[in-house]
Amino acid sequence: MKTYLKIILVLLSAVLTALSFYGLGFLAWFSLIPYFLTLYYCRGVGERVYLSFFFGLVFFAGITFWFTSYTFGLWIPIIVLLSLFPLVFGLAFHFIFKIKIPYIQLMLMLAVWCAIEFFRCRTFMAFPWGVMAYSQYNYIPIIQIANITGVYGLSAVIVLFNLCASLTLKNTLRTGKFNYRCIGFALALVLIVFAYGIFSINSFDIEEIGQDVKKLDIALVQTNISFDDKFEKDTGVLIPRPYSSGYYFKPGTELVVFAESILWGSIDREKNSTFGKWARETARKENLHFLMGHILWDEHENYYNAVILYSPEFEILGRYNKIHPLPFAEYMPYPDVIGFLKFLNIASCNITPDRNFDLIYYPGKGSIGTNICFESTLSLISRTFRKIGADILFVLTDDAGFRQSSASWQHVIFSVFRAVENKSYMVHSSNMGVSAVINPQGRLILETELGRKGVFYETVYFIPQKSFYSKAGNIFLYIYFGFSASFLVIYLFIRRKKLGYFR
């Protein structure tokens with residue numbers, strides 16, 4: 001295969017894969033075939049590595065272009081760093097390709113891809129954009145498998161289908177004969193996933209779960225205020241228009257939700273007096289609980305990105321401090337170790353990461369597991385909250401920095417999967433939108449417009465029953481890694497024995 005043709009195929013693959021994350025999820029089921037097929041025809045490790053790096057550059061540029069609306073200077077380093085992950089896959093592919101047993105090849109290639117996605121979503125530098133499963137957000141039956149395997153299980157099915165299709169195509173081009181076994185297995189697996197999704201959807205009925213389920217009527221306040229204005233102007237700009245004469249919120253509303261860091265400091269701070277006075281009077285008069293984000297600090301000038309639940313008397317009922325601040329945007333991680341990257345730090349103040357998964361108990365209803373902004377993109381956090389007792393999940397976020405880009409909508413996609421993984425209602429409250437309420441099947445029962453100021457009402461439920469994923473996490477992924485490693489060891493042992501290495 002000519003070099004220019006390889007470049008064209010890899011470019012095509014990267015573009016199609018990127019497009020699959022913009023509502024064209026069906027593309028993901030074959031978009032990787034040109035890339036995998038090209039890797040089969042590469043002449044050596046160098047070609048596989050640089051073509052994989054090229055794939056990463058185009059792909060990650062396509063799905064993170066929204067980052068330029070926030071800061072262009074950070075976007076280039078980010079896509080370069082992210083492109084190192086496909087580079088690692090290309091390197092691993094080169095050595096796996098030397099194994100002459102096709103099914104072991106497939107097992108190990110898939111294991112490497114899944115491991116790369118898994119570790120890319122770990123550590124303080126976690127960045128989960130581009131995990132293949134998220135491309136399927138609008139295919140409700142397909143994504144139900146996530147309540148057993150998490151997102152990585154669905155990613156594995158998608159990538160396996162592409163691997164099997166590319167291997168089948170390669171063998172057909174080489175021999176002139178079509179062998180249906182490999183692609184047939186992959187297709188059967190996809191049908192099983194789809195069938196499970198239909199079963200899971202049809203078997204879920206909120207009225208049949210039991211009396212433990214508690215109903216809550218909420219109001220999401222989308223203030224549509226810029227980051228700078230939120231802290232510079234009088235906090236009266238945060239107050240929404242009244243629902244009717246004498247009332248700010250619809251009768252029957254129980255909880256009012258404001259977005260992340262809506263107030264700088266406590267509710268009693270003098271600069272917050274206008275909003276604080278209104279909130280206290282409204283909560284008492286209309287018998288409302290308030291859930292809202294704060295930037296708080298202590299006497300040692302440790303800053304915290306926090307969420308607080310207030311009673312109708314405006315007593316603090318619960319508080320959660322952000323566990324995973326966004327590196328270089330909210331704090332400078334490990335300054336003594338990676339201080340040379342200080343030029344990337346755009347944080348206005350260093351948020352102190354908390355270590356506690358603090359549930360917030362809503363009286364008479366149940367426990368709330370709270371994600372703040374970027375935390376909802378990490379499945380580990382929501383899953384941990386559900387495992388330790390959360391009956392419902394919330395995410396409070398301020399995506400104002402991304403303006404009118406697709407970032408706000410992409411943020412909602414992560415919440416869709418957190419709802420499905422944990423079979424929980426997910427309330428996604430954003431300062432400027434998109435705000436949403438998502439049911440345990442991943443359906444958006446409320447979705448607001450980006451940049452629209454207003455109050456939006458919906459009913460949600462506290463569901464104590466946990467999904468398999470909430471209880472067991474990524475157990476199937478770990479088992480698969482174990483099997484793959486075992487097969488590799490056995491293969492290497494047998495191969496060395498045949499070559500006489502153990503004489």
# chains A, B, ... in the order shown; residues from 1 in each chain; ligands from 1

call {"tool": "residues_around", "arguments": {"residues": "stretch 155-167 of chain A", "least_positions_apart": "4", "cutoff": "9 Å", "atoms": "only C-alpha atoms", "output": "number ranges by chain"}}
result
A: 28-37, 40, 102, 106-107, 109-111, 113-114, 117, 131-134, 151, 171-172, 182-187, 189-190, 193

call {"tool": "write_last_selection", "arguments": {"atoms": "N, CA and C atoms", "output": "CSV table (one decimal), in the first residue's frame"}}
result
chain,number,residue,atom,x,y,z
A,28,ALA,N,-19.3,5.2,14.3
A,28,ALA,CA,-18.3,4.6,15.2
A,28,ALA,C,-18.1,3.1,14.9
A,29,TRP,N,-19.2,2.5,14.4
A,29,TRP,CA,-19.2,1.1,14.2
A,29,TRP,C,-18.3,0.6,13.0
A,30,PHE,N,-17.9,1.6,12.2
A,30,PHE,CA,-17.0,1.2,11.1
A,30,PHE,C,-15.9,2.2,10.9
A,31,SER,N,-15.9,3.3,11.6
A,31,SER,CA,-14.9,4.4,11.4
A,31,SER,C,-13.5,4.0,11.7
A,32,LEU,N,-13.2,3.1,12.5
A,32,LEU,CA,-11.9,2.7,12.8
A,32,LEU,C,-11.3,1.6,11.9
A,33,ILE,N,-12.1,1.1,11.0
A,33,ILE,CA,-11.7,0.1,10.1
A,33,ILE,C,-10.5,0.5,9.2
A,34,PRO,N,-10.6,1.7,8.5
A,34,PRO,CA,-9.5,2.2,7.7
A,34,PRO,C,-8.2,2.3,8.5
A,35,TYR,N,-8.3,2.8,9.7
A,35,TYR,CA,-7.1,2.9,10.6
A,35,TYR,C,-6.5,1.6,10.9
A,36,PHE,N,-7.3,0.6,11.4
A,36,PHE,CA,-6.8,-0.7,11.7
A,36,PHE,C,-6.2,-1.4,10.5
A,37,LEU,N,-6.9,-1.3,9.3
A,37,LEU,CA,-6.5,-1.9,8.1
A,37,LEU,C,-5.1,-1.3,7.7
A,40,TYR,N,-2.2,-2.9,9.6
A,40,TYR,CA,-1.9,-4.2,9.1
A,40,TYR,C,-0.9,-4.1,7.9
A,102,PRO,N,-4.6,-15.4,14.9
A,102,PRO,CA,-5.5,-14.2,14.8
A,102,PRO,C,-6.3,-13.9,16.0
A,106,LEU,N,-6.5,-10.4,18.2
A,106,LEU,CA,-7.7,-9.6,18.5
A,106,LEU,C,-7.8,-9.4,20.0
A,107,MET,N,-7.7,-10.4,20.8
A,107,MET,CA,-7.8,-10.3,22.2
A,107,MET,C,-6.9,-9.3,22.8
A,109,MET,N,-5.1,-6.9,21.1
A,109,MET,CA,-5.3,-5.5,20.5
A,109,MET,C,-6.5,-4.8,21.3
A,110,LEU,N,-7.5,-5.6,21.5
A,110,LEU,CA,-8.7,-5.0,22.2
A,110,LEU,C,-8.3,-4.7,23.7
A,111,ALA,N,-7.5,-5.5,24.3
A,111,ALA,CA,-7.1,-5.3,25.7
A,111,ALA,C,-6.3,-4.0,25.8
A,113,TRP,N,-6.4,-1.4,23.7
A,113,TRP,CA,-7.2,-0.2,23.4
A,113,TRP,C,-8.0,0.1,24.7
A,114,CYS,N,-8.6,-0.9,25.3
A,114,CYS,CA,-9.4,-0.7,26.5
A,114,CYS,C,-8.5,-0.2,27.7
A,117,GLU,N,-7.9,3.5,27.1
A,117,GLU,CA,-9.1,4.3,27.5
A,117,GLU,C,-9.2,4.4,29.0
A,131,VAL,N,-13.5,8.7,24.6
A,131,VAL,CA,-13.8,7.3,24.9
A,131,VAL,C,-15.0,6.8,24.0
A,132,MET,N,-14.8,5.7,23.2
A,132,MET,CA,-15.7,5.4,22.1
A,132,MET,C,-17.1,5.3,22.5
A,133,ALA,N,-17.4,4.8,23.7
A,133,ALA,CA,-18.8,4.6,24.2
A,133,ALA,C,-19.6,5.8,24.1
A,134,TYR,N,-19.0,7.0,24.4
A,134,TYR,CA,-19.7,8.2,24.5
A,134,TYR,C,-20.3,8.6,23.1
A,151,VAL,N,-18.8,2.3,30.9
A,151,VAL,CA,-18.6,2.8,29.5
A,151,VAL,C,-17.6,1.9,28.8
A,171,ASN,N,-8.1,-10.3,5.4
A,171,ASN,CA,-8.0,-11.7,4.9
A,171,ASN,C,-8.7,-12.0,3.6
A,172,THR,N,-9.8,-11.3,3.4
A,172,THR,CA,-10.5,-11.4,2.2
A,172,THR,C,-9.7,-10.9,1.0
A,182,CYS,N,-15.3,-14.5,12.1
A,182,CYS,CA,-14.8,-13.4,13.0
A,182,CYS,C,-15.9,-12.3,13.0
A,183,ILE,N,-16.3,-11.8,11.9
A,183,ILE,CA,-17.3,-10.7,11.8
A,183,ILE,C,-18.6,-11.2,12.3
A,184,GLY,N,-18.9,-12.5,12.1
A,184,GLY,CA,-20.2,-13.0,12.6
A,184,GLY,C,-20.2,-13.0,14.1
A,185,PHE,N,-19.1,-13.4,14.8
A,185,PHE,CA,-19.0,-13.3,16.2
A,185,PHE,C,-19.3,-11.9,16.7
A,186,ALA,N,-18.6,-10.9,16.1
A,186,ALA,CA,-18.8,-9.5,16.5
A,186,ALA,C,-20.2,-9.1,16.4
A,187,LEU,N,-20.8,-9.4,15.2
A,187,LEU,CA,-22.2,-9.0,15.0
A,187,LEU,C,-23.1,-9.6,16.0
A,189,LEU,N,-22.4,-10.4,19.0
A,189,LEU,CA,-22.2,-9.7,20.3
A,189,LEU,C,-23.0,-8.4,20.3
A,190,VAL,N,-23.0,-7.7,19.2
A,190,VAL,CA,-23.7,-6.4,19.1
A,190,VAL,C,-25.2,-6.7,19.3
A,193,VAL,N,-26.0,-7.2,22.9
A,193,VAL,CA,-26.0,-5.9,23.6
A,193,VAL,C,-27.3,-5.2,23.3

call {"tool": "select_by_dssp", "arguments": {"residues": "stretch 49-282 of chain A", "states": "strand (DSSP E or B)", "output": "number ranges by chain"}}
result
A: 214-222, 244, 247, 255-257, 263-264

call {"tool": "residues_around", "arguments": {"residues": "A:Tyr478", "least_positions_apart": "5", "cutoff": "12 Å", "atoms": "only C-alpha atoms", "output": "list in words"}}
result
Ala111, Cys114, Ala115, Phe118, Thr149, Tyr152, Gly153, Ala472, Gly473, Phe483, Ser484 and Ala485 of chain A

call {"tool": "residues_around", "arguments": {"residues": "stretch 381-392 of chain A", "least_positions_apart": "4", "cutoff": "10 Å", "atoms": "only C-alpha atoms", "output": "MDAnalysis selection string"}}
result
chainID A and resid 150 213:214 323:324 357:361 365:371 375:377 415 418:419 421:427 440 460:467 469:473

call {"tool": "closest_residue", "arguments": {"among": "A:Leu380, A:Ile351, A:Val307, A:Ala188", "to": "A:Met332", "atoms": "only C-alpha atoms"}}
result
A:Ile351

call {"tool": "atom_distance", "arguments": {"atom1": "atom CA of A:Trp129", "atom2": "atom CA of A:Cys42"}}
result
27.7 Å

call {"tool": "atom_distance", "arguments": {"atom1": "atom CA of A:Tyr304", "atom2": "atom CA of A:Glu260"}}
result
11.7 Å

call {"tool": "select_by_dssp", "arguments": {"residues": "stretch 290-411 of chain A", "states": "alpha helix (DSSP H)", "output": "list in words"}}
result
Pro335, Asp336, Val337, Ile338, Ser379, Leu380, Ile381, Ser382, Arg383, Thr384, Phe385, Arg386, Lys387, Ala407, Ser408, Trp409, Gln410 and His411 of chain A

call {"tool": "write_last_selection", "arguments": {"atoms": "C-alpha atoms", "output": "mmCIF file, in the first residue's frame"}}
result
data_model
loop_
_atom_site.group_PDB
_atom_site.id
_atom_site.type_symbol
_atom_site.label_atom_id
_atom_site.label_comp_id
_atom_site.auth_asym_id
_atom_site.auth_seq_id
_atom_site.Cartn_x
_atom_site.Cartn_y
_atom_site.Cartn_z
ATOM 1 C CA PRO A 335 4.072 22.348 41.744
ATOM 2 C CA ASP A 336 7.319 20.973 43.175
ATOM 3 C CA VAL A 337 7.387 18.199 40.552
ATOM 4 C CA ILE A 338 5.874 19.750 37.437
ATOM 5 C CA SER A 379 -17.395 7.441 36.100
ATOM 6 C CA LEU A 380 -15.487 6.541 39.268
ATOM 7 C CA ILE A 381 -16.909 9.471 41.250
ATOM 8 C CA SER A 382 -20.614 8.898 40.541
ATOM 9 C CA ARG A 383 -20.182 5.145 40.958
ATOM 10 C CA THR A 384 -18.524 5.641 44.364
ATOM 11 C CA PHE A 385 -21.361 7.890 45.512
ATOM 12 C CA ARG A 386 -23.945 5.301 44.501
ATOM 13 C CA LYS A 387 -21.995 2.474 46.102
ATOM 14 C CA ALA A 407 -18.720 21.853 25.246
ATOM 15 C CA SER A 408 -21.856 22.361 27.341
ATOM 16 C CA TRP A 409 -23.772 19.763 25.368
ATOM 17 C CA GLN A 410 -20.859 17.327 25.458
ATOM 18 C CA HIS A 411 -20.841 17.755 29.221
#
